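Source file: target.txt. Holds: compact mmCIF, C-alpha atoms.
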# COMPACT_ATOMS: atom_id res chain seq x y z
CA MET A 1 -8.34 -41.08 125.62
CA ASP A 2 -4.61 -40.61 125.17
CA THR A 3 -3.94 -41.98 121.67
CA VAL A 4 -0.87 -41.78 119.48
CA HIS A 5 -2.77 -39.40 117.16
CA ALA A 6 -3.41 -37.03 120.05
CA ARG A 7 0.24 -37.18 121.12
CA PHE A 8 1.46 -36.78 117.54
CA LYS A 9 -0.87 -33.82 116.94
CA GLU A 10 0.68 -32.06 119.93
CA LYS A 11 4.08 -32.44 118.23
CA ILE A 12 3.04 -31.37 114.69
CA GLY A 13 5.27 -28.50 113.58
CA GLU A 14 7.87 -29.31 116.24
CA VAL A 15 11.37 -30.69 115.71
CA LEU A 16 11.77 -34.39 116.52
CA LEU A 17 15.10 -36.20 116.85
CA PRO A 18 16.23 -39.76 116.05
CA GLY A 19 15.47 -42.00 119.01
CA ASP A 20 12.14 -40.40 119.96
CA VAL A 21 9.56 -43.15 120.54
CA PHE A 22 5.74 -43.10 120.50
CA SER A 23 3.54 -46.05 121.49
CA PHE A 24 0.44 -46.64 119.37
CA ARG A 25 -1.36 -49.31 121.38
CA PHE A 26 -3.83 -48.62 124.14
CA PRO A 27 -6.35 -50.73 126.12
CA GLU A 28 -9.94 -50.39 124.98
CA ALA A 29 -12.31 -49.18 127.67
CA GLY A 30 -14.04 -51.88 129.69
CA ASP A 31 -13.06 -55.18 128.07
CA GLY A 32 -9.26 -54.93 128.32
CA ILE A 33 -8.74 -55.77 124.64
CA ILE A 34 -5.66 -54.17 123.16
CA LYS A 35 -6.50 -52.15 120.05
CA THR A 36 -3.89 -51.06 117.51
CA GLU A 37 -4.47 -47.68 115.94
CA LYS A 38 -4.19 -47.30 112.18
CA MET A 39 -1.57 -44.82 111.06
CA ILE A 40 0.66 -44.42 108.02
CA CYS A 41 4.34 -43.70 108.62
CA GLY A 42 6.00 -41.60 105.95
CA PRO A 43 9.69 -40.69 105.54
CA GLY A 44 11.58 -40.40 108.81
CA LEU A 45 9.23 -42.61 110.85
CA ARG A 46 9.40 -46.36 111.33
CA ARG A 47 7.00 -48.80 112.96
CA ASN A 48 8.54 -51.37 115.24
CA GLY A 49 6.02 -53.65 116.91
CA ASP A 50 3.85 -51.47 119.13
CA GLU A 51 5.93 -48.33 118.71
CA VAL A 52 6.68 -45.59 116.20
CA LEU A 53 10.37 -44.69 116.07
CA VAL A 54 11.75 -41.41 114.75
CA CYS A 55 14.78 -42.15 112.54
CA LYS A 56 15.44 -38.70 111.03
CA SER A 57 15.73 -35.26 112.57
CA GLY A 58 13.24 -32.73 111.27
CA ILE A 59 9.78 -31.23 111.64
CA LEU A 60 6.78 -33.52 112.14
CA ARG A 61 4.10 -33.07 109.47
CA HIS A 62 0.58 -34.48 109.24
CA LYS A 63 -1.97 -35.06 106.49
CA GLN A 64 -5.55 -36.13 107.15
CA PRO A 65 -6.64 -38.62 108.22
CA ASN A 66 -3.62 -40.46 109.65
CA LEU A 67 -0.46 -39.84 107.58
CA TYR A 68 2.62 -38.60 109.45
CA TRP A 69 6.14 -37.91 108.23
CA ILE A 70 9.33 -36.03 109.10
CA ASP A 71 10.10 -33.00 106.93
CA SER A 72 13.89 -32.76 106.83
CA GLN A 73 16.42 -30.89 104.71
CA GLN A 74 18.20 -34.10 103.77
CA ARG A 75 20.26 -34.08 100.56
CA ARG A 76 21.36 -37.73 100.46
CA TYR A 77 18.84 -39.87 98.62
CA VAL A 78 17.86 -43.38 99.71
CA PRO A 79 15.96 -45.25 96.94
CA ALA A 80 12.39 -46.32 97.74
CA LYS A 81 10.08 -48.55 95.72
CA GLY A 82 7.56 -46.65 93.60
CA GLU A 83 9.40 -43.32 93.65
CA SER A 84 10.02 -41.52 90.36
CA VAL A 85 13.55 -40.19 89.89
CA ILE A 86 15.77 -38.46 87.35
CA GLY A 87 18.73 -40.70 86.49
CA ILE A 88 21.82 -40.32 84.32
CA VAL A 89 22.79 -43.27 82.11
CA THR A 90 26.44 -44.09 82.90
CA ALA A 91 27.05 -47.36 81.03
CA LYS A 92 25.61 -50.06 78.78
CA SER A 93 26.18 -53.59 79.99
CA GLY A 94 24.60 -56.20 77.70
CA ASP A 95 20.84 -55.81 77.96
CA ILE A 96 21.10 -53.52 80.98
CA PHE A 97 21.75 -49.80 81.34
CA LYS A 98 23.49 -48.60 84.50
CA VAL A 99 21.87 -45.44 85.87
CA ASP A 100 23.21 -42.98 88.46
CA VAL A 101 20.31 -41.87 90.70
CA GLY A 102 22.37 -40.15 93.38
CA GLY A 103 22.14 -43.04 95.85
CA SER A 104 24.88 -45.17 97.37
CA GLU A 105 24.93 -47.45 94.31
CA GLN A 106 23.85 -47.34 90.70
CA ALA A 107 20.51 -48.76 89.56
CA SER A 108 19.88 -51.07 86.61
CA LEU A 109 17.42 -50.37 83.79
CA SER A 110 16.52 -53.08 81.26
CA TYR A 111 16.19 -52.10 77.61
CA LEU A 112 12.80 -53.90 77.67
CA ALA A 113 11.52 -51.55 80.38
CA PHE A 114 10.53 -48.91 77.79
CA GLU A 115 7.18 -48.51 76.03
CA GLY A 116 7.08 -50.53 72.80
CA ALA A 117 10.57 -52.01 73.33
CA THR A 118 11.27 -55.52 72.00
CA LYS A 119 14.42 -57.51 71.25
CA ARG A 120 14.33 -56.14 67.70
CA ASN A 121 13.06 -52.65 68.52
CA ARG A 122 15.52 -51.39 71.12
CA PRO A 123 15.16 -47.92 72.64
CA ASN A 124 17.67 -45.27 71.58
CA VAL A 125 19.45 -44.66 74.89
CA GLN A 126 23.00 -43.33 75.03
CA VAL A 127 25.48 -42.88 77.85
CA GLY A 128 24.90 -39.44 79.37
CA ASP A 129 21.16 -39.35 78.62
CA LEU A 130 18.69 -38.30 81.30
CA VAL A 131 15.90 -40.77 82.07
CA TYR A 132 12.78 -40.18 84.14
CA SER A 133 12.00 -43.56 85.65
CA GLN A 134 10.46 -45.39 88.60
CA PHE A 135 11.87 -47.88 91.10
CA THR A 136 10.40 -51.38 91.03
CA ILE A 137 13.00 -52.84 93.41
CA ALA A 138 14.67 -50.76 96.11
CA ASN A 139 15.91 -52.38 99.31
CA LYS A 140 19.21 -52.68 101.11
CA ASP A 141 19.77 -56.33 100.07
CA MET A 142 19.27 -56.03 96.30
CA GLU A 143 20.48 -53.88 93.44
CA PRO A 144 17.91 -51.13 92.71
CA GLU A 145 15.93 -51.65 89.49
CA LEU A 146 14.21 -48.99 87.39
CA VAL A 147 11.51 -49.05 84.70
CA CYS A 148 10.25 -46.42 82.27
CA ILE A 149 6.74 -47.89 81.98
CA ASP A 150 3.77 -48.13 84.33
CA SER A 151 1.83 -51.29 85.23
CA CYS A 152 -0.08 -51.05 81.92
CA GLY A 153 3.10 -50.92 79.83
CA ARG A 154 2.65 -47.21 79.01
CA ALA A 155 5.43 -44.63 79.26
CA ASN A 156 3.11 -42.18 81.06
CA GLY A 157 5.67 -39.37 80.90
CA MET A 158 8.69 -41.57 81.66
CA GLY A 159 11.67 -42.27 79.42
CA VAL A 160 14.61 -40.36 77.92
CA PHE A 161 14.25 -36.56 78.03
CA GLY A 162 16.19 -33.33 78.43
CA ALA A 163 18.04 -32.76 75.16
CA ASP A 164 18.37 -29.13 76.27
CA GLY A 165 17.65 -27.52 79.62
CA LEU A 166 19.50 -27.47 82.93
CA LEU A 167 19.83 -30.20 85.56
CA PHE A 168 20.64 -29.24 89.15
CA LYS A 169 20.25 -30.58 92.70
CA VAL A 170 18.07 -29.32 95.54
CA SER A 171 17.21 -30.69 98.98
CA LEU A 172 14.62 -33.46 99.30
CA GLY A 173 12.45 -31.11 101.36
CA LEU A 174 12.17 -28.66 98.45
CA VAL A 175 11.41 -31.56 96.08
CA ARG A 176 8.38 -32.54 98.16
CA ARG A 177 7.14 -28.93 98.08
CA LEU A 178 7.56 -28.76 94.29
CA LEU A 179 5.71 -32.07 93.81
CA ALA A 180 2.81 -31.12 96.08
CA PRO A 181 -0.51 -30.71 94.24
CA GLN A 182 -1.08 -27.03 93.39
CA SER A 183 2.47 -26.15 94.47
CA GLU A 184 2.61 -22.44 95.34
CA ILE A 185 6.27 -22.16 94.28
CA VAL A 186 5.56 -23.52 90.78
CA LYS A 187 2.43 -21.36 90.43
CA ASP A 188 4.35 -18.21 91.38
CA LEU A 189 7.19 -19.07 88.98
CA GLU A 190 4.81 -19.64 86.07
CA LYS A 191 3.67 -16.02 86.39
CA ILE A 192 7.22 -14.88 85.48
CA PHE A 193 8.24 -17.17 82.58
CA PRO A 194 6.69 -20.15 80.78
CA PHE A 195 8.95 -23.16 81.39
CA GLU A 196 9.13 -26.96 81.49
CA LEU A 197 9.91 -28.65 84.79
CA VAL A 198 10.78 -32.24 85.71
CA VAL A 199 11.27 -33.06 89.40
CA GLY A 200 12.73 -36.33 90.68
CA MET A 201 12.27 -37.59 94.23
CA ASN A 202 16.06 -38.02 94.36
CA GLY A 203 16.58 -34.25 94.61
CA ARG A 204 17.30 -33.61 90.92
CA VAL A 205 15.40 -30.93 89.05
CA TRP A 206 15.47 -30.30 85.29
CA VAL A 207 14.19 -27.02 83.93
CA LYS A 208 13.94 -25.50 80.46
CA ALA A 209 12.63 -22.05 79.50
CA LYS A 210 12.54 -20.18 76.16
CA THR A 211 16.11 -18.89 76.43
CA VAL A 212 19.25 -19.90 78.31
CA GLN A 213 19.02 -16.72 80.39
CA GLN A 214 15.42 -17.46 81.46
CA THR A 215 16.38 -21.07 82.25
CA LEU A 216 19.19 -19.89 84.54
CA ILE A 217 16.90 -17.35 86.24
CA VAL A 218 14.25 -20.03 86.97
CA ALA A 219 16.92 -22.42 88.32
CA ASN A 220 18.43 -19.71 90.56
CA LEU A 221 14.99 -18.72 91.88
CA LEU A 222 14.17 -22.34 92.74
CA GLU A 223 17.43 -22.76 94.66
CA THR A 224 17.07 -19.37 96.39
CA CYS A 225 13.47 -19.71 97.57
CA GLU A 226 14.05 -22.93 99.54
CA ASN A 227 14.45 -21.23 102.93
CA MET A 228 12.19 -18.24 102.28
CA THR A 229 8.75 -17.58 103.69
CA SER A 230 5.84 -17.32 101.25
CA GLN A 231 5.86 -13.52 101.54
CA GLN A 232 9.62 -13.23 100.94
CA ARG A 233 9.35 -15.53 97.91
CA GLN A 234 6.50 -13.57 96.34
CA THR A 235 8.38 -10.29 96.87
CA LEU A 236 11.48 -11.72 95.17
CA PHE A 237 9.48 -13.14 92.26
CA ARG A 238 7.64 -9.85 91.81
CA ARG A 239 10.93 -7.93 91.64
CA VAL A 240 12.25 -10.36 89.02
CA ALA A 241 9.03 -10.05 86.98
CA GLU A 242 9.32 -6.26 87.08
CA GLY A 243 12.94 -6.47 85.93
CA SER A 244 14.37 -4.73 88.99
CA LEU A 245 16.83 -7.56 89.68

Output the file's structure as structure tokens, nothing else.
Amino acid sequence: MDTVHARFKEKIGEVLLPGDVFSFRFPEAGDGIIKTEKMICGPGLRRNGDEVLVCKSGILRHKQPNLYWIDSQQRRYVPAKGESVIGIVTAKSGDIFKVDVGGSEQASLSYLAFEGATKRNRPNVQVGDLVYSQFTIANKDMEPELVCIDSCGRANGMGVFGADGLLFKVSLGLVRRLLAPQSEIVKDLEKIFPFELVVGMNGRVWVKAKTVQQTLIVANLLETCENMTSQQRQTLFRRVAEGSL
């Protein structure tokens, strides 16, 4: 039976363009009942009634059982609810901090949205600080809102960070590869130098190694390996580890 999964699987690994349309309804055999297939649309795909619309250009990717998304080299970030990002505090406005997340507008962060924060015990946040935080509100009709606590009120790795280290931008495609479980890029890098790494879904990466020189090397390797094959990347990393570069 010709299902949307079968048609999508034919296109996995191929480039799709905005405007491409796939129907995901089909008549069930015999009784004429229309059945809607279950599928999860990730970035770059949008469901509209009985159809799946492609809204970004890029390569179609698939994860079992039914998750599909478009892998694109986009650099402009569009906030999405639940995503963790690296923001820069730009201003204090009453009880609210304004945070630059690289989107079209700044996000707001309440001083109460930190672990253990109360009206008397305010967090020590200054203009220029880096904050690792999560979107609770992110849509086109409302100002984006961030928090530095999870649903249980715990920081869980979020909050102000990065007193030292280096912050730089990469494409959103590389961010997804770095955040993937058991990321090969991160594993290969750890064989060269020990380092700390914070990756935001908004394309910002913060890295800190033992020395400034090692920090710069790690940052340059991350930016360089974006368009390399696995073999090219491992060759480059090996040369760096051997000190030939």

Please, which residues in range 196-227 of chain A fall within 6 Å of range 167-184 of chain A when counting only C-alpha atoms, and what is the closest atom pair and distance in Å to one decimal for each, ordered by chain then residue number, as a tab-separated table?
residue	atom	partner	partner_atom	distance
A:Gly203	CA	A:Leu172	CA	5.1
A:Arg204	CA	A:Lys169	CA	4.6
A:Val205	CA	A:Phe168	CA	5.5
A:Trp206	CA	A:Leu167	CA	4.4

Looking at all atoms listed in the file, which of A:Asn227, A:Ser93, A:Asn66, A:Gln106 is the one that sits closest to Pro144 in chain A?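 Among the listed residues, the smallest separation from Pro144 in chain A belongs to A:Gln106.
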
Using only C-alpha atoms, which of A:Asp188, A:Thr229, A:Gly19, A:Asp164 sits nearest Lys210 in chain A? A:Asp164

Skip Leu216 in chain A itself and residues of its chain fewer than 4 positions away, then list as a list in words all residues within 12 Å of it, counting all atoms listed in the file.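 The contact residues come out as Gly165, Leu166, Leu167, Phe168, Phe193, Phe195, Trp206, Val207, Lys208, Ala209, Lys210, Thr211, Val212, Asn220, Leu221, Leu222 and Glu223 of chain A.
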
Option closest in space to Asn202 in chain A, from A:Glu115, A:Asp100, A:Glu226, A:Asp129 [counting all atoms listed in the file]: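 Ranked by minimum distance to Asn202 in chain A, first place goes to A:Asp100.
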
So that I can see what lies close to Phe22 in chain A, please list as JSON, numbers by chain the residues with an atom at most 9 Å from it, counting only C-alpha atoms and leaving out residues fewer than 2 positions away in the same chain. {"A": [4, 7, 8, 20, 24, 50, 51, 52, 53, 54]}

Atomic distance CA of Phe135 in chain A - CA of Glu83 in chain A, expressed in Å with one decimal: 5.8 Å

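Within 10 Å of the point (6.1, -35.7, 118.6), counting all atoms listed in the file, the protein and nucleic acid residues come to Val4, His5, Ala6, Arg7, Phe8, Lys9, Glu10, Lys11, Ile12, Gly13, Glu14, Val15, Leu16, Leu17, Asp20, Val21, Phe22, Val54, Ile59, Leu60 and Arg61 of chain A.
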
Could you check the closest approach to Phe237 in chain A for each of A:Val199, A:Ile185, A:Gly102, A:Asn121 and tell me which residue wins, using all atoms listed in the file? A:Ile185

Hey, which of A:Val85, A:Ala163, A:Leu146, A:Gly42 ends up closest to Lys63 in chain A? Count all atoms listed in the file.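 Among the listed residues, A:Gly42 lies closest to Lys63 in chain A.
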
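Each of A:Lys98, A:Lys81, A:His62, A:Arg154 was compared to Val127 in chain A using all atoms listed in the file, and A:Lys98 turns out to be the nearest.
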
With only C-alpha atoms as the counted atoms, please give the residues lying no more than 6 Å from Gly87 in chain A, apart from itself and same-chain residues fewer than 4 positions off, as a PyMOL selection string. chain A and resi 99-101+130-131

Once you have the residues from the selection above, write them out as a compact mmCIF listing (two decimals), in the frame of the given file, restricted to C-alpha atoms.
# COMPACT_ATOMS: atom_id res chain seq x y z
CA VAL A 99 21.87 -45.44 85.87
CA ASP A 100 23.21 -42.98 88.46
CA VAL A 101 20.31 -41.87 90.70
CA LEU A 130 18.69 -38.30 81.30
CA VAL A 131 15.90 -40.77 82.07

Point-to-point distance from CA of Ile137 in chain A to CA of Gly58 in chain A, Å rounded to tenths: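 Value for the CA of Ile137 in chain A-CA of Gly58 in chain A distance: 26.9 Å.
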
List the spatial neighbours of range 45-48 of chain A as a PyMOL selection string - criterion: any atom at most 9 Å away, all atoms listed in the file, same-chain residues fewer than 5 positions off excluded. chain A and resi 53-56+68-70

Please complete range 136-148 of chain A so it has N, CA, C and O atoms, and hand it over as an mmCIF file, keeping the file's coordinate frame.
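Final output, rebuild-v7.cif:
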data_model
loop_
_atom_site.group_PDB
_atom_site.id
_atom_site.type_symbol
_atom_site.label_atom_id
_atom_site.label_comp_id
_atom_site.auth_asym_id
_atom_site.auth_seq_id
_atom_site.Cartn_x
_atom_site.Cartn_y
_atom_site.Cartn_z
ATOM 1 N N THR A 136 11.223 -50.195 90.785
ATOM 2 C CA THR A 136 10.400 -51.380 91.030
ATOM 3 C C THR A 136 11.003 -52.235 92.149
ATOM 4 O O THR A 136 10.293 -52.958 92.829
ATOM 5 N N ILE A 137 12.319 -52.152 92.301
ATOM 6 C CA ILE A 137 13.000 -52.840 93.410
ATOM 7 C C ILE A 137 13.925 -51.822 94.068
ATOM 8 O O ILE A 137 14.722 -51.161 93.398
ATOM 9 N N ALA A 138 13.802 -51.674 95.366
ATOM 10 C CA ALA A 138 14.670 -50.760 96.110
ATOM 11 C C ALA A 138 14.708 -51.202 97.566
ATOM 12 O O ALA A 138 13.859 -50.833 98.363
ATOM 13 N N ASN A 139 15.684 -52.032 97.902
ATOM 14 C CA ASN A 139 15.910 -52.380 99.310
ATOM 15 C C ASN A 139 17.394 -52.604 99.532
ATOM 16 O O ASN A 139 18.173 -52.704 98.576
ATOM 17 N N LYS A 140 17.777 -52.680 100.781
ATOM 18 C CA LYS A 140 19.210 -52.680 101.110
ATOM 19 C C LYS A 140 19.917 -53.971 100.689
ATOM 20 O O LYS A 140 21.149 -53.995 100.623
ATOM 21 N N ASP A 141 19.154 -55.046 100.385
ATOM 22 C CA ASP A 141 19.770 -56.330 100.070
ATOM 23 C C ASP A 141 19.867 -56.611 98.575
ATOM 24 O O ASP A 141 20.450 -57.620 98.183
ATOM 25 N N MET A 142 19.284 -55.767 97.742
ATOM 26 C CA MET A 142 19.270 -56.030 96.300
ATOM 27 C C MET A 142 19.645 -54.787 95.523
ATOM 28 O O MET A 142 19.463 -53.655 96.005
ATOM 29 N N GLU A 143 20.154 -55.008 94.312
ATOM 30 C CA GLU A 143 20.480 -53.880 93.440
ATOM 31 C C GLU A 143 19.184 -53.168 93.034
ATOM 32 O O GLU A 143 18.224 -53.834 92.636
ATOM 33 N N PRO A 144 19.133 -51.849 93.104
ATOM 34 C CA PRO A 144 17.910 -51.130 92.710
ATOM 35 C C PRO A 144 17.620 -51.345 91.218
ATOM 36 O O PRO A 144 18.539 -51.374 90.396
ATOM 37 N N GLU A 145 16.338 -51.485 90.892
ATOM 38 C CA GLU A 145 15.930 -51.650 89.490
ATOM 39 C C GLU A 145 14.917 -50.579 89.121
ATOM 40 O O GLU A 145 14.010 -50.266 89.897
ATOM 41 N N LEU A 146 15.078 -50.036 87.897
ATOM 42 C CA LEU A 146 14.210 -48.990 87.390
ATOM 43 C C LEU A 146 13.426 -49.474 86.180
ATOM 44 O O LEU A 146 13.859 -50.390 85.476
ATOM 45 N N VAL A 147 12.276 -48.840 85.929
ATOM 46 C CA VAL A 147 11.510 -49.050 84.700
ATOM 47 C C VAL A 147 11.031 -47.699 84.185
ATOM 48 O O VAL A 147 10.901 -46.746 84.955
ATOM 49 N N CYS A 148 10.790 -47.637 82.874
ATOM 50 C CA CYS A 148 10.250 -46.420 82.270
ATOM 51 C C CYS A 148 8.836 -46.649 81.741
ATOM 52 O O CYS A 148 8.399 -45.997 80.783
#
